[in-house]
Amino acid sequence: MSTNLMSTNLKDQPSTNVDNAVELPQRLHHNARVVRDHERTRQFYQDIIGMPLLATWAEVGQFPDFPERKISFCHTFYGLSDGGALAFFGFADPEVYEVYKAKVQSGFNHIALAVSSELQDQIKQKLEKAGHKTTFIDHGYCQSLYVSDPDELTLEFTSDPKNAAEIGEWQAETARGTLARWVAGDRTPNNNLRHR
(Lines give C-alpha, C1' and ligand atoms only; values in the text may rest on other atoms or scores of the structure.)
Protein backbone atom coordinates (compact mmCIF):
# COMPACT_ATOMS: atom_id res chain seq x y z
CA MET A 1 0.00 0.00 0.00
CA SER A 2 1.23 3.49 -0.82
CA THR A 3 2.54 5.68 1.97
CA ASN A 4 0.38 8.50 0.63
CA LEU A 5 -3.04 8.30 2.30
CA MET A 6 -4.86 9.68 -0.71
CA SER A 7 -3.15 7.48 -3.31
CA THR A 8 -4.13 4.16 -1.78
CA ASN A 9 -4.34 1.41 -4.39
CA LEU A 10 -8.09 1.05 -4.90
CA LYS A 11 -7.71 -2.44 -6.39
CA ASP A 12 -6.62 -3.65 -2.94
CA GLN A 13 -9.72 -2.27 -1.20
CA PRO A 14 -12.66 -4.45 -0.13
CA SER A 15 -15.44 -4.54 -2.74
CA THR A 16 -17.77 -2.81 -0.26
CA ASN A 17 -15.64 0.35 -0.55
CA VAL A 18 -15.13 0.51 -4.32
CA ASP A 19 -17.49 -0.32 -7.16
CA ASN A 20 -16.24 -3.19 -9.27
CA ALA A 21 -15.30 -0.88 -12.12
CA VAL A 22 -13.23 -2.37 -14.90
CA GLU A 23 -11.11 0.75 -15.17
CA LEU A 24 -10.79 3.83 -12.96
CA PRO A 25 -9.63 7.27 -14.05
CA GLN A 26 -5.82 7.30 -14.13
CA ARG A 27 -5.06 10.70 -12.58
CA LEU A 28 -6.19 14.30 -12.58
CA HIS A 29 -5.57 15.61 -16.10
CA HIS A 30 -6.30 19.19 -15.08
CA ASN A 31 -8.51 21.32 -12.91
CA ALA A 32 -9.65 24.53 -14.63
CA ARG A 33 -10.52 27.92 -13.13
CA VAL A 34 -11.22 31.36 -14.54
CA VAL A 35 -8.76 34.16 -13.75
CA ARG A 36 -8.80 37.92 -14.20
CA ASP A 37 -5.12 38.45 -15.10
CA HIS A 38 -3.02 35.69 -16.69
CA GLU A 39 0.31 37.35 -15.95
CA ARG A 40 -0.53 37.79 -12.26
CA THR A 41 -1.56 34.12 -12.20
CA ARG A 42 1.69 33.09 -13.92
CA GLN A 43 3.77 35.02 -11.41
CA PHE A 44 1.98 33.27 -8.53
CA TYR A 45 2.08 29.69 -9.85
CA GLN A 46 5.39 29.73 -11.74
CA ASP A 47 7.55 32.33 -10.01
CA ILE A 48 6.44 31.76 -6.39
CA ILE A 49 5.11 28.19 -6.20
CA GLY A 50 7.50 26.83 -8.85
CA MET A 51 4.99 25.07 -11.11
CA PRO A 52 6.16 25.27 -14.74
CA LEU A 53 3.97 26.83 -17.42
CA LEU A 54 3.48 23.85 -19.75
CA ALA A 55 1.11 25.18 -22.37
CA THR A 56 -0.72 28.33 -23.45
CA TRP A 57 -3.58 28.05 -25.93
CA ALA A 58 -4.88 31.31 -27.42
CA GLU A 59 -8.29 30.70 -28.96
CA VAL A 60 -11.51 32.28 -30.20
CA GLY A 61 -14.85 30.61 -29.59
CA GLN A 62 -18.61 30.98 -29.49
CA PHE A 63 -20.22 30.69 -26.03
CA PRO A 64 -23.92 30.22 -25.19
CA ASP A 65 -23.91 33.20 -22.80
CA PHE A 66 -22.66 35.48 -25.62
CA PRO A 67 -24.35 34.16 -28.79
CA GLU A 68 -23.96 37.44 -30.69
CA ARG A 69 -20.14 37.46 -30.76
CA LYS A 70 -16.97 35.42 -30.75
CA ILE A 71 -14.94 35.44 -27.54
CA SER A 72 -11.13 35.62 -27.36
CA PHE A 73 -9.72 33.52 -24.55
CA CYS A 74 -6.46 32.06 -23.36
CA HIS A 75 -6.08 28.69 -21.59
CA THR A 76 -2.87 28.02 -19.59
CA PHE A 77 -1.61 24.84 -17.92
CA TYR A 78 0.84 24.65 -14.97
CA GLY A 79 2.45 21.26 -14.42
CA LEU A 80 2.31 18.75 -11.58
CA SER A 81 4.91 15.99 -11.23
CA ASP A 82 2.41 13.22 -12.10
CA GLY A 83 1.64 14.77 -15.50
CA GLY A 84 -1.53 16.55 -14.36
CA ALA A 85 -1.98 20.30 -14.33
CA LEU A 86 -3.79 23.26 -12.90
CA ALA A 87 -5.36 25.16 -15.79
CA PHE A 88 -6.70 28.69 -16.06
CA PHE A 89 -8.99 30.48 -18.51
CA GLY A 90 -8.61 34.19 -19.10
CA PHE A 91 -10.81 36.31 -21.37
CA ALA A 92 -9.96 39.42 -23.37
CA ASP A 93 -13.28 41.01 -22.36
CA PRO A 94 -13.73 41.78 -18.62
CA GLU A 95 -17.50 41.30 -19.06
CA VAL A 96 -16.90 37.65 -19.99
CA TYR A 97 -14.69 37.19 -16.91
CA GLU A 98 -17.49 38.52 -14.69
CA VAL A 99 -19.93 35.96 -16.14
CA TYR A 100 -17.63 32.93 -15.83
CA LYS A 101 -15.58 33.63 -12.69
CA ALA A 102 -16.19 31.42 -9.65
CA LYS A 103 -19.04 32.92 -7.67
CA VAL A 104 -18.48 31.37 -4.22
CA GLN A 105 -15.05 31.15 -2.62
CA SER A 106 -14.45 29.50 0.72
CA GLY A 107 -11.82 27.38 2.35
CA PHE A 108 -14.05 24.33 1.86
CA ASN A 109 -13.85 24.73 -1.93
CA HIS A 110 -10.18 24.22 -2.66
CA ILE A 111 -7.52 22.30 -4.52
CA ALA A 112 -5.09 20.23 -2.46
CA LEU A 113 -1.68 19.36 -3.90
CA ALA A 114 0.49 16.66 -2.34
CA VAL A 115 4.00 17.83 -1.41
CA SER A 116 6.82 16.68 0.84
CA SER A 117 7.11 18.41 4.20
CA GLU A 118 10.37 19.98 2.97
CA LEU A 119 8.70 21.43 -0.13
CA GLN A 120 5.77 22.57 2.01
CA ASP A 121 8.20 24.59 4.16
CA GLN A 122 9.90 26.05 1.08
CA ILE A 123 6.55 27.08 -0.45
CA LYS A 124 5.47 28.66 2.85
CA GLN A 125 8.67 30.74 3.00
CA LYS A 126 8.35 31.87 -0.63
CA LEU A 127 4.66 32.75 -0.22
CA GLU A 128 5.24 34.76 2.94
CA LYS A 129 8.28 36.52 1.43
CA ALA A 130 6.02 37.55 -1.50
CA GLY A 131 3.43 38.93 0.96
CA HIS A 132 0.87 36.11 0.89
CA LYS A 133 -0.82 35.14 4.18
CA THR A 134 -0.66 31.41 4.91
CA THR A 135 -2.47 29.19 7.41
CA PHE A 136 -1.19 25.83 8.69
CA ILE A 137 -3.43 23.08 10.11
CA ASP A 138 -2.34 19.66 11.33
CA HIS A 139 -5.35 17.47 10.50
CA GLY A 140 -3.60 14.42 11.95
CA TYR A 141 -3.90 12.39 8.76
CA CYS A 142 -2.10 15.18 6.86
CA GLN A 143 -0.52 18.57 7.50
CA SER A 144 -1.92 21.39 5.38
CA LEU A 145 -0.60 24.76 4.31
CA TYR A 146 -3.36 27.02 2.95
CA VAL A 147 -3.08 30.15 0.81
CA SER A 148 -5.36 32.09 -1.53
CA ASP A 149 -4.15 32.69 -5.09
CA PRO A 150 -4.63 36.05 -6.86
CA ASP A 151 -8.24 35.13 -7.79
CA GLU A 152 -9.05 33.96 -4.24
CA LEU A 153 -8.90 30.25 -5.08
CA THR A 154 -7.87 28.44 -1.90
CA LEU A 155 -4.87 26.17 -2.42
CA GLU A 156 -3.77 23.53 0.05
CA PHE A 157 -0.25 22.09 -0.01
CA THR A 158 -0.53 18.81 1.87
CA SER A 159 2.19 16.63 3.38
CA ASP A 160 1.62 13.21 4.88
CA PRO A 161 2.65 12.15 8.40
CA LYS A 162 5.16 9.35 8.89
CA ASN A 163 2.36 6.91 9.77
CA ALA A 164 0.27 7.65 6.64
CA ALA A 165 0.31 3.97 5.59
CA GLU A 166 -1.19 2.87 8.92
CA ILE A 167 -3.82 5.61 8.75
CA GLY A 168 -4.65 4.58 5.17
CA GLU A 169 -5.10 0.93 6.18
CA TRP A 170 -7.36 1.90 9.11
CA GLN A 171 -9.46 4.15 6.86
CA ALA A 172 -9.73 1.43 4.18
CA GLU A 173 -11.31 -0.82 6.81
CA THR A 174 -13.59 1.76 8.45
CA ALA A 175 -14.47 4.44 5.86
CA ARG A 176 -17.70 2.84 4.61
CA GLY A 177 -19.02 2.17 8.13
CA THR A 178 -18.14 5.66 9.37
CA LEU A 179 -19.90 7.25 6.41
CA ALA A 180 -22.99 5.06 6.90
CA ARG A 181 -23.18 6.05 10.59
CA TRP A 182 -22.70 9.75 9.81
CA VAL A 183 -25.41 9.73 7.12
CA ALA A 184 -27.75 7.93 9.55
CA GLY A 185 -27.29 10.71 12.12
CA ASP A 186 -24.45 9.44 14.32
CA ARG A 187 -22.04 12.39 14.08
CA THR A 188 -19.47 11.03 16.57
CA PRO A 189 -16.00 12.26 15.50
CA ASN A 190 -13.46 9.61 14.54
CA ASN A 191 -10.42 11.88 14.09
CA ASN A 192 -8.40 11.66 17.29
CA LEU A 193 -5.29 12.64 15.32
CA ARG A 194 -6.17 16.30 14.67
CA HIS A 195 -3.97 19.08 16.09
CA ARG A 196 -4.06 22.84 15.61
# chains A, B, ... in the order shown; residues from 1 in each chain; ligands from 1
$ select_by_dssp --residues "range 27-188 of chain A" --states "alpha helix (DSSP H)" --output "count of residues only"
45
$ closest_atom_pairs --of "range 151-171 of chain A" --to "range 20-38 of chain A" --cutoff "12 Å" --atoms "only C-alpha atoms" --output "JSON lines"
{"residue": "A:Asp151", "atom": "CA", "partner": "A:Val35", "partner_atom": "CA", "distance": 6.1}
{"residue": "A:Glu152", "atom": "CA", "partner": "A:Val35", "partner_atom": "CA", "distance": 9.5}
{"residue": "A:Leu153", "atom": "CA", "partner": "A:Arg33", "partner_atom": "CA", "distance": 8.5}
{"residue": "A:Thr154", "atom": "CA", "partner": "A:Arg33", "partner_atom": "CA", "distance": 11.6}
$ atom_distance --atom1 "CA of His132 in chain A" --atom2 "CA of Ala58 in chain A"
29.3 Å
$ residues_around --residues "range 75-90 of chain A" --least-positions-apart "4" --cutoff "12 Å" --atoms "only C-alpha atoms" --output "VMD selection string"
chain A and resid 7 26 to 47 49 to 60 71 94 to 102 111 to 115 149 to 151 153 155
$ closest_residue --among "A:Phe91, A:Trp182, A:Tyr141, A:Tyr146" --to "Ala164 in chain A" --atoms "only C-alpha atoms"
A:Tyr141
$ decode --residues "range 170-181 of chain A" --atoms "all heavy atoms" --output "tab-separated table (two decimals), in the first residue's frame"
chain	number	residue	atom	x	y	z
A	170	TRP	N	-6.23	1.75	8.18
A	170	TRP	CA	-7.36	1.90	9.11
A	170	TRP	C	-8.57	2.48	8.39
A	170	TRP	O	-9.69	2.00	8.53
A	170	TRP	CB	-6.94	2.76	10.30
A	170	TRP	CG	-8.07	3.22	11.16
A	170	TRP	CD1	-8.92	2.43	11.89
A	170	TRP	CD2	-8.49	4.56	11.38
A	170	TRP	NE1	-9.84	3.21	12.56
A	170	TRP	CE2	-9.60	4.52	12.26
A	170	TRP	CE3	-8.03	5.79	10.92
A	170	TRP	CZ2	-10.25	5.68	12.68
A	170	TRP	CZ3	-8.67	6.93	11.35
A	170	TRP	CH2	-9.78	6.86	12.22
A	171	GLN	N	-8.35	3.53	7.58
A	171	GLN	CA	-9.46	4.15	6.86
A	171	GLN	C	-10.05	3.20	5.82
A	171	GLN	O	-11.26	3.19	5.61
A	171	GLN	CB	-9.01	5.46	6.21
A	171	GLN	CG	-9.03	6.63	7.16
A	171	GLN	CD	-10.45	6.99	7.58
A	171	GLN	OE1	-11.36	7.04	6.78
A	171	GLN	NE2	-10.62	7.21	8.88
A	172	ALA	N	-9.22	2.39	5.17
A	172	ALA	CA	-9.73	1.43	4.18
A	172	ALA	C	-10.71	0.46	4.83
A	172	ALA	O	-11.69	0.04	4.22
A	172	ALA	CB	-8.57	0.67	3.54
A	173	GLU	N	-10.45	0.13	6.09
A	173	GLU	CA	-11.31	-0.82	6.81
A	173	GLU	C	-12.56	-0.16	7.39
A	173	GLU	O	-13.58	-0.82	7.57
A	173	GLU	CB	-10.52	-1.47	7.95
A	173	GLU	CG	-9.38	-2.34	7.48
A	173	GLU	CD	-8.46	-2.76	8.64
A	173	GLU	OE1	-8.78	-2.46	9.80
A	173	GLU	OE2	-7.43	-3.37	8.34
A	174	THR	N	-12.50	1.13	7.70
A	174	THR	CA	-13.59	1.76	8.45
A	174	THR	C	-14.36	2.83	7.69
A	174	THR	O	-15.42	3.27	8.16
A	174	THR	CB	-13.03	2.41	9.74
A	174	THR	OG1	-12.10	3.45	9.39
A	174	THR	CG2	-12.35	1.37	10.62
A	175	ALA	N	-13.88	3.29	6.54
A	175	ALA	CA	-14.47	4.44	5.86
A	175	ALA	C	-15.95	4.25	5.53
A	175	ALA	O	-16.78	5.13	5.78
A	175	ALA	CB	-13.70	4.77	4.58
A	176	ARG	N	-16.30	3.09	5.00
A	176	ARG	CA	-17.70	2.84	4.61
A	176	ARG	C	-18.62	2.85	5.83
A	176	ARG	O	-19.68	3.46	5.81
A	176	ARG	CB	-17.79	1.51	3.86
A	176	ARG	CG	-19.15	1.16	3.34
A	176	ARG	CD	-19.45	1.90	2.04
A	176	ARG	NE	-20.72	1.53	1.49
A	176	ARG	CZ	-20.90	0.74	0.44
A	176	ARG	NH1	-19.84	0.23	-0.18
A	176	ARG	NH2	-22.09	0.47	-0.01
A	177	GLY	N	-18.21	2.21	6.91
A	177	GLY	CA	-19.02	2.17	8.13
A	177	GLY	C	-19.16	3.54	8.77
A	177	GLY	O	-20.25	3.91	9.23
A	178	THR	N	-18.08	4.32	8.79
A	178	THR	CA	-18.14	5.66	9.37
A	178	THR	C	-19.09	6.53	8.57
A	178	THR	O	-19.91	7.27	9.14
A	178	THR	CB	-16.74	6.30	9.41
A	178	THR	OG1	-15.87	5.47	10.19
A	178	THR	CG2	-16.78	7.69	10.01
A	179	LEU	N	-19.00	6.46	7.25
A	179	LEU	CA	-19.90	7.25	6.41
A	179	LEU	C	-21.35	6.83	6.62
A	179	LEU	O	-22.23	7.69	6.76
A	179	LEU	CB	-19.52	7.12	4.93
A	179	LEU	CG	-20.40	7.89	3.96
A	179	LEU	CD1	-20.38	9.39	4.26
A	179	LEU	CD2	-19.98	7.62	2.52
A	180	ALA	N	-21.62	5.54	6.69
A	180	ALA	CA	-22.99	5.06	6.90
A	180	ALA	C	-23.55	5.57	8.24
A	180	ALA	O	-24.71	6.01	8.31
A	180	ALA	CB	-23.03	3.53	6.86
A	181	ARG	N	-22.73	5.54	9.29
A	181	ARG	CA	-23.18	6.05	10.59
A	181	ARG	C	-23.45	7.55	10.54
A	181	ARG	O	-24.44	8.04	11.07
A	181	ARG	CB	-22.12	5.74	11.68
A	181	ARG	CG	-22.12	4.28	12.12
A	181	ARG	CD	-21.26	4.08	13.38
A	181	ARG	NE	-19.88	4.50	13.21
A	181	ARG	CZ	-18.93	3.75	12.65
A	181	ARG	NH1	-19.24	2.54	12.19
A	181	ARG	NH2	-17.70	4.19	12.55
